[in-house]
Amino acid sequence: MTTATAPRRRPLAALAAAEWLQFRRNKTLVYLATLFPVGIPLVTYFIARKDTEPTAAMAAVAIEMLALMALVFVQYYSVLSMVTTRRSEGVLRRLRTGEAADWQIQTAPAVPGVLVTLACAVAVLAVVYGSGAPAPVNPALMIAALLGGIAVFALLALATSAVTKNAEAAQITSLPVMLLAMLGLASIRAVLPDRLAALADWTPFAAVSDLVFLGASGKTATAAAADPVLTPAGTLTASGPAFATLAIWTVLALALTRKSFRWDDRG
Amino acid sequence: MQDSSLNGDRAYYRTAPASTTVESVRKGHTMNDIVISARGLRRTYGRGAQAFEAVAGVDLDIVGGEVFALLGTNGAGKTSTLDLLEGLAAPSAGRVEVFGLDPLRHRDQVRPQVGIMLQSGGLPAELTVAETLEMWRGTCSDPTTVETVLAQVGLVERAAVRVGSLSGGEQRRVDLACALLGQPRLLFLDEPTTGLDPESRRATWRLLADLKAAGVTMVLTTHYLDEAESLADRIVIMDKGTVARRGTLREIVDGHPSRIVFDHPGLPVPPLHGARIEANERVTVSTDDLQGHLFALLDWAREAGVRLTGLEARAASLESVFLDIAGDHDTTPAPATALIGARR
């Protein structure tokens, strides 16, 4: 303990550091949260490029898979179960008696997921682009996809926790958002009937997927193979609907959270 | 009885503007200004037919530097009232001011001066004591050190133990340590010594006495009447969401009759001037002159040749006042502990 000399920290940093400690102590969670987002994209990537030169599309598929694993299974699910557990344990209620603001208490549980997501992204991007995949057309869009996705799925987790009685119930209450996210996968949207696919384009993960594909390959996730590769400026214009979708879901999740978030099981 | 005292209470507050200092506390502190002021406080849970009014019109003034105890049976509305004073919930009606501010709307300004210890813990089980306090310290704007509060609550040697592995009493003390970290001027303590062994309880009392000497204002709830007797400057006894009694220990006890109880002797009991006599299987004499009436009664018994079996004489105490209030709607005789602890 070096507390006597330690400078005063900001509430969010202190709460996030405590969340990070608790996350680190749950070894199963740490292994699963890093193994899947790194392992599955890389396995798909190396299977795809086994007999051929790596293409931008292969890189995009791998990064899309990374985003799905990291945003949905790590970020969304871990925030949902952590917030629900903290509420059951009375931690949220206790923290609210202190000086930390509500938004700081709500944001802190998202921090471990953010760090893991970013670390996994660095690992996957390093392997994919280090092993000869064509350079991304607009890397900024891929970063925006991850950051936007982190915000949307963390907020959706807070909103979901309102209808989640305890950590066990999270296994069921998380299903709607998880299914919604899967609908946005490029490979799923490609096989959906046109009208359903048009709807699926507005799901939160579809926006992430489109931004990843635009950034990595210069085409949207659902573009035909013959479609031309866009310039970096062109990808920016084409990313409008995706950003709009992220914005809509952010506002929606924020509104749901503000309206229904529960600090206390006592009601 | 309950109603008349309530009316008296209301009357007192009707004539006392919010800024008036409370006369009964003159403990030598210069800061006897009002720290907490509540008027017409109500809190309703649920709505429609299921609505339940946990706080049903409470007025309070709490003065700087005093220890103020809220007593009452389980379900009397103590914790619900505390929630409102702490700014953790909004009242359904009425208003509350802490340091002259609305504790809910001006949470940013009020909270740095306040330490709150809830009835139930709510500290993460996976962190050690030191990590928990370090986390809490990071949220405070003007904290003391972790070492200081660990020493205050006597947990220095348990700093590296996970909170989940601590005994209930030790967790309670970590809770108290968190409340102290921000160096509060006002402490809310909801049953601070529940689950503590007698030695730790005494140690906590000494700590609270030290804090009081340093000028910290405290609002305390407890089921231990001796705790209230030894710590509190003023006491409020709540019942069904309202204030049933209030005052210093002396004021509360003085206004309460002493009791003489004995088995019915089979003869008419003589009138005792100024006493109230209820004669059933047991005869209960309520009196403000315990010695005089006891003497008269024994004198009569000797002359009439009657043996007063099961004779008990008791001066008023905080416990008898408390049990009287609890007993108003719970007529079955029960040991004090059961009455205090078991309702709702």
# chains A, B, ... in the order shown; residues from 1 in each chain; ligands from 1

$ closest_atom_pairs --of "range 101-147 of chain B" --to "range 92-113 of chain A" --cutoff "8 Å" --atoms "only C-alpha atoms" --output "tab-separated table"
residue	atom	partner	partner_atom	distance
B:Asp108	CA	A:Glu99	CA	7.1
B:Arg111	CA	A:Glu99	CA	5.7
B:Pro112	CA	A:Glu99	CA	6.1
B:Gly115	CA	A:Gly98	CA	7.4
B:Ile116	CA	A:Thr97	CA	6.1
B:Leu118	CA	A:Arg94	CA	7.2
B:Gly121	CA	A:Arg94	CA	7.3
B:Gly122	CA	A:Arg94	CA	5.4
B:Leu123	CA	A:Arg94	CA	7.1
B:Trp136	CA	A:Gly98	CA	7.9
B:Thr139	CA	A:Ala100	CA	5.5
B:Cys140	CA	A:Glu99	CA	6.0
B:Ser141	CA	A:Glu99	CA	7.7

$ residues_around --residues "range 147-155 of chain B" --least-positions-apart "2" --cutoff "9 Å" --atoms "only C-alpha atoms" --output "ChimeraX atom specification"
/A:1,3-4 /B:129-130,133,144-145,157-159,170,173-174,176-178,180-181,200,203-204,207

$ write_last_selection --atoms "C-alpha atoms" --output "compact mmCIF listing (two decimals), in the first residue's frame"
# COMPACT_ATOMS: atom_id res chain seq x y z
CA MET A 1 0.00 0.00 0.00
CA THR A 3 -1.69 5.21 -0.46
CA ALA A 4 -0.26 7.90 1.76
CA VAL B 129 -9.87 -4.82 2.12
CA ALA B 130 -7.05 -2.51 1.01
CA LEU B 133 -10.70 1.11 0.37
CA THR B 144 -7.80 10.65 4.29
CA THR B 145 -5.43 7.70 3.85
CA GLU B 157 -3.81 -6.73 9.93
CA ARG B 158 -6.74 -7.76 7.67
CA ALA B 159 -5.83 -5.34 4.84
CA GLU B 170 -15.38 -7.35 9.87
CA ARG B 173 -16.15 -2.40 9.80
CA VAL B 174 -14.88 -2.16 6.20
CA LEU B 176 -17.64 1.97 8.19
CA ALA B 177 -14.08 2.57 6.96
CA CYS B 178 -15.45 3.46 3.49
CA LEU B 180 -14.98 7.55 6.92
CA LEU B 181 -12.57 7.82 3.98
CA SER B 200 -15.82 -4.64 18.46
CA ALA B 203 -14.45 -0.24 19.97
CA THR B 204 -16.89 1.18 17.42
CA LEU B 207 -14.53 5.53 17.54

$ residues_around --residues "range 142-148 of chain A" --least-positions-apart "5" --cutoff "10 Å" --atoms "only C-alpha atoms" --output "PyMOL selection string"
chain A and resi 60+63-64+66-68+70-71+114+117-118+121+136-137+153-154+204-205+207-216+242-243+246-247+250

$ closest_residue --among "B:Ala76, B:Val67, B:Ala56, B:Ala125" --to "chain A" --atoms "only C-alpha atoms"
B:Ala125

$ select_by_dssp --residues "range 13-121 of chain B" --states "strand (DSSP E or B)" --output "PyMOL selection string"
chain B and resi 34-45+52-63+67-72+93-98+101+114-117

$ write_last_selection --atoms "N, CA and C atoms" --output "compact mmCIF listing (two decimals), in the first residue's frame"
# COMPACT_ATOMS: atom_id res chain seq x y z
N ILE B 34 -28.38 24.09 12.06
CA ILE B 34 -29.10 22.94 11.55
C ILE B 34 -28.35 22.32 10.38
N VAL B 35 -28.05 21.06 10.49
CA VAL B 35 -27.36 20.34 9.41
C VAL B 35 -28.37 19.65 8.50
N ILE B 36 -29.38 19.05 9.13
CA ILE B 36 -30.43 18.39 8.35
C ILE B 36 -31.78 18.93 8.81
N SER B 37 -32.59 19.28 7.83
CA SER B 37 -33.93 19.74 8.15
C SER B 37 -34.91 19.04 7.23
N ALA B 38 -35.91 18.41 7.81
CA ALA B 38 -36.91 17.71 7.01
C ALA B 38 -38.29 18.15 7.46
N ARG B 39 -39.18 18.35 6.50
CA ARG B 39 -40.55 18.76 6.82
C ARG B 39 -41.54 17.93 6.00
N GLY B 40 -42.49 17.35 6.72
CA GLY B 40 -43.60 16.64 6.05
C GLY B 40 -43.14 15.53 5.12
N LEU B 41 -42.07 14.84 5.54
CA LEU B 41 -41.46 13.84 4.67
C LEU B 41 -42.35 12.61 4.54
N ARG B 42 -42.61 12.23 3.30
CA ARG B 42 -43.39 11.03 3.05
C ARG B 42 -42.73 10.21 1.96
N ARG B 43 -42.87 8.89 2.09
CA ARG B 43 -42.37 8.02 1.04
C ARG B 43 -43.31 6.84 0.87
N THR B 44 -43.83 6.70 -0.33
CA THR B 44 -44.79 5.65 -0.61
C THR B 44 -44.17 4.66 -1.59
N TYR B 45 -44.29 3.38 -1.29
CA TYR B 45 -43.86 2.34 -2.22
C TYR B 45 -45.09 1.79 -2.93
N PHE B 52 -47.91 1.41 -0.14
CA PHE B 52 -47.55 1.28 1.26
C PHE B 52 -46.73 2.51 1.63
N GLU B 53 -47.21 3.22 2.63
CA GLU B 53 -46.52 4.45 3.02
C GLU B 53 -45.52 4.13 4.13
N ALA B 54 -44.26 4.03 3.76
CA ALA B 54 -43.21 3.66 4.72
C ALA B 54 -42.84 4.85 5.60
N VAL B 55 -42.90 6.06 5.02
CA VAL B 55 -42.65 7.27 5.79
C VAL B 55 -43.89 8.13 5.65
N ALA B 56 -44.53 8.43 6.77
CA ALA B 56 -45.86 9.03 6.69
C ALA B 56 -45.91 10.39 7.37
N GLY B 57 -45.02 11.28 6.97
CA GLY B 57 -45.06 12.63 7.53
C GLY B 57 -44.09 12.78 8.69
N VAL B 58 -42.82 12.95 8.36
CA VAL B 58 -41.79 13.08 9.40
C VAL B 58 -41.15 14.46 9.32
N ASP B 59 -41.04 15.11 10.48
CA ASP B 59 -40.32 16.38 10.59
C ASP B 59 -39.10 16.16 11.47
N LEU B 60 -37.97 16.66 11.02
CA LEU B 60 -36.74 16.49 11.81
C LEU B 60 -35.86 17.72 11.66
N ASP B 61 -35.18 18.09 12.73
CA ASP B 61 -34.07 19.03 12.64
C ASP B 61 -32.89 18.37 13.32
N ILE B 62 -31.79 18.29 12.65
CA ILE B 62 -30.61 17.68 13.26
C ILE B 62 -29.51 18.73 13.26
N VAL B 63 -28.91 18.88 14.43
CA VAL B 63 -28.02 20.00 14.68
C VAL B 63 -26.56 19.57 14.50
N VAL B 67 -25.29 13.60 17.94
CA VAL B 67 -25.57 12.24 17.50
C VAL B 67 -27.07 12.04 17.65
N PHE B 68 -27.69 11.72 16.55
CA PHE B 68 -29.14 11.65 16.48
C PHE B 68 -29.52 10.21 16.17
N ALA B 69 -30.28 9.58 17.06
CA ALA B 69 -30.62 8.18 16.86
C ALA B 69 -32.06 8.03 16.39
N LEU B 70 -32.24 7.22 15.37
CA LEU B 70 -33.57 6.87 14.88
C LEU B 70 -33.85 5.44 15.33
N LEU B 71 -34.82 5.28 16.20
CA LEU B 71 -35.15 3.94 16.67
C LEU B 71 -36.53 3.55 16.15
N GLY B 72 -36.82 2.26 16.25
CA GLY B 72 -38.13 1.79 15.83
C GLY B 72 -38.04 0.32 15.51
N ALA B 93 -43.56 13.18 -0.87
CA ALA B 93 -44.02 14.52 -0.50
C ALA B 93 -43.09 15.07 0.58
N GLY B 94 -43.14 16.36 0.76
CA GLY B 94 -42.30 17.00 1.77
C GLY B 94 -40.94 17.36 1.20
N ARG B 95 -40.10 17.92 2.07
CA ARG B 95 -38.78 18.30 1.56
C ARG B 95 -37.72 18.06 2.62
N VAL B 96 -36.50 17.91 2.15
CA VAL B 96 -35.39 17.68 3.05
C VAL B 96 -34.22 18.55 2.58
N GLU B 97 -33.53 19.13 3.57
CA GLU B 97 -32.34 19.91 3.24
C GLU B 97 -31.18 19.40 4.08
N VAL B 98 -30.04 19.23 3.43
CA VAL B 98 -28.82 18.84 4.13
C VAL B 98 -27.78 19.92 3.84
N LEU B 101 -29.09 22.32 1.41
CA LEU B 101 -29.29 21.97 0.00
C LEU B 101 -30.14 20.71 -0.11
N VAL B 114 -20.44 14.09 3.22
CA VAL B 114 -21.28 13.09 3.87
C VAL B 114 -20.63 11.71 3.75
N GLY B 115 -20.71 10.93 4.82
CA GLY B 115 -20.32 9.52 4.77
C GLY B 115 -21.54 8.68 5.06
N ILE B 116 -21.74 7.63 4.26
CA ILE B 116 -22.95 6.83 4.42
C ILE B 116 -22.58 5.36 4.62
N MET B 117 -23.13 4.77 5.66
CA MET B 117 -22.97 3.34 5.88
C MET B 117 -24.35 2.72 5.81

$ select_by_dssp --residues "range 41-275 of chain B" --states "alpha helix (DSSP H)" --output "number ranges by chain"
B: 78-86, 107-110, 129-138, 146-153, 168-181, 198-213, 225-231, 249-254

$ residues_around --residues "Glu86 in chain B" --least-positions-apart "2" --cutoff "8 Å" --atoms "only C-alpha atoms" --output "count of residues only"
10

$ residues_around --residues "Ala316 in chain B" --least-positions-apart "3" --cutoff "9 Å" --atoms "only C-alpha atoms" --output "ChimeraX atom specification"
/B:253-259,319-321

$ residues_around --residues "range 20-37 of chain A" --least-positions-apart "4" --cutoff "7 Å" --atoms "only C-alpha atoms" --output "list in words"
Ala16, Pro41, Leu66, Met69, Ala70, Val74, Pro112, Val116 and Cys120 of chain A; Glu126 and Leu127 of chain B

$ residues_around --residues "Ser260 in chain A" --least-positions-apart "2" --cutoff "8 Å" --atoms "only C-alpha atoms" --output "list in words"
Ala159, Ala162, Leu256, Thr257, Arg258 and Arg262 of chain A

$ write_last_selection --atoms "C-alpha atoms" --output "JSON list (two decimals), in the first residue's frame"
[["chain", "number", "residue", "atom", "x", "y", "z"],
["A", 159, "ALA", "CA", -30.31, -1.56, -20.95],
["A", 162, "ALA", "CA", -32.80, -3.78, -16.35],
["A", 256, "LEU", "CA", -33.57, 2.70, -22.67],
["A", 257, "THR", "CA", -30.82, 2.75, -20.06],
["A", 258, "ARG", "CA", -31.85, 6.11, -18.67],
["A", 262, "ARG", "CA", -32.08, -0.29, -11.86]]

$ closest_residue --among "A:Ser88, A:Thr231, A:Ser78, A:Thr55" --to "chain B" --atoms "only C-alpha atoms"
A:Ser88

$ closest_residue --among "B:Gly195, B:Pro268, B:Gly77, B:Gly138" --to "chain A" --atoms "only C-alpha atoms"
B:Gly138

$ atom_distance --atom1 "CA of Phe262 in chain B" --atom2 "CA of Leu308 in chain B"
6.1 Å

$ atom_distance --atom1 "CA of Trp263 in chain A" --atom2 "CA of Ser80 in chain B"
15.8 Å
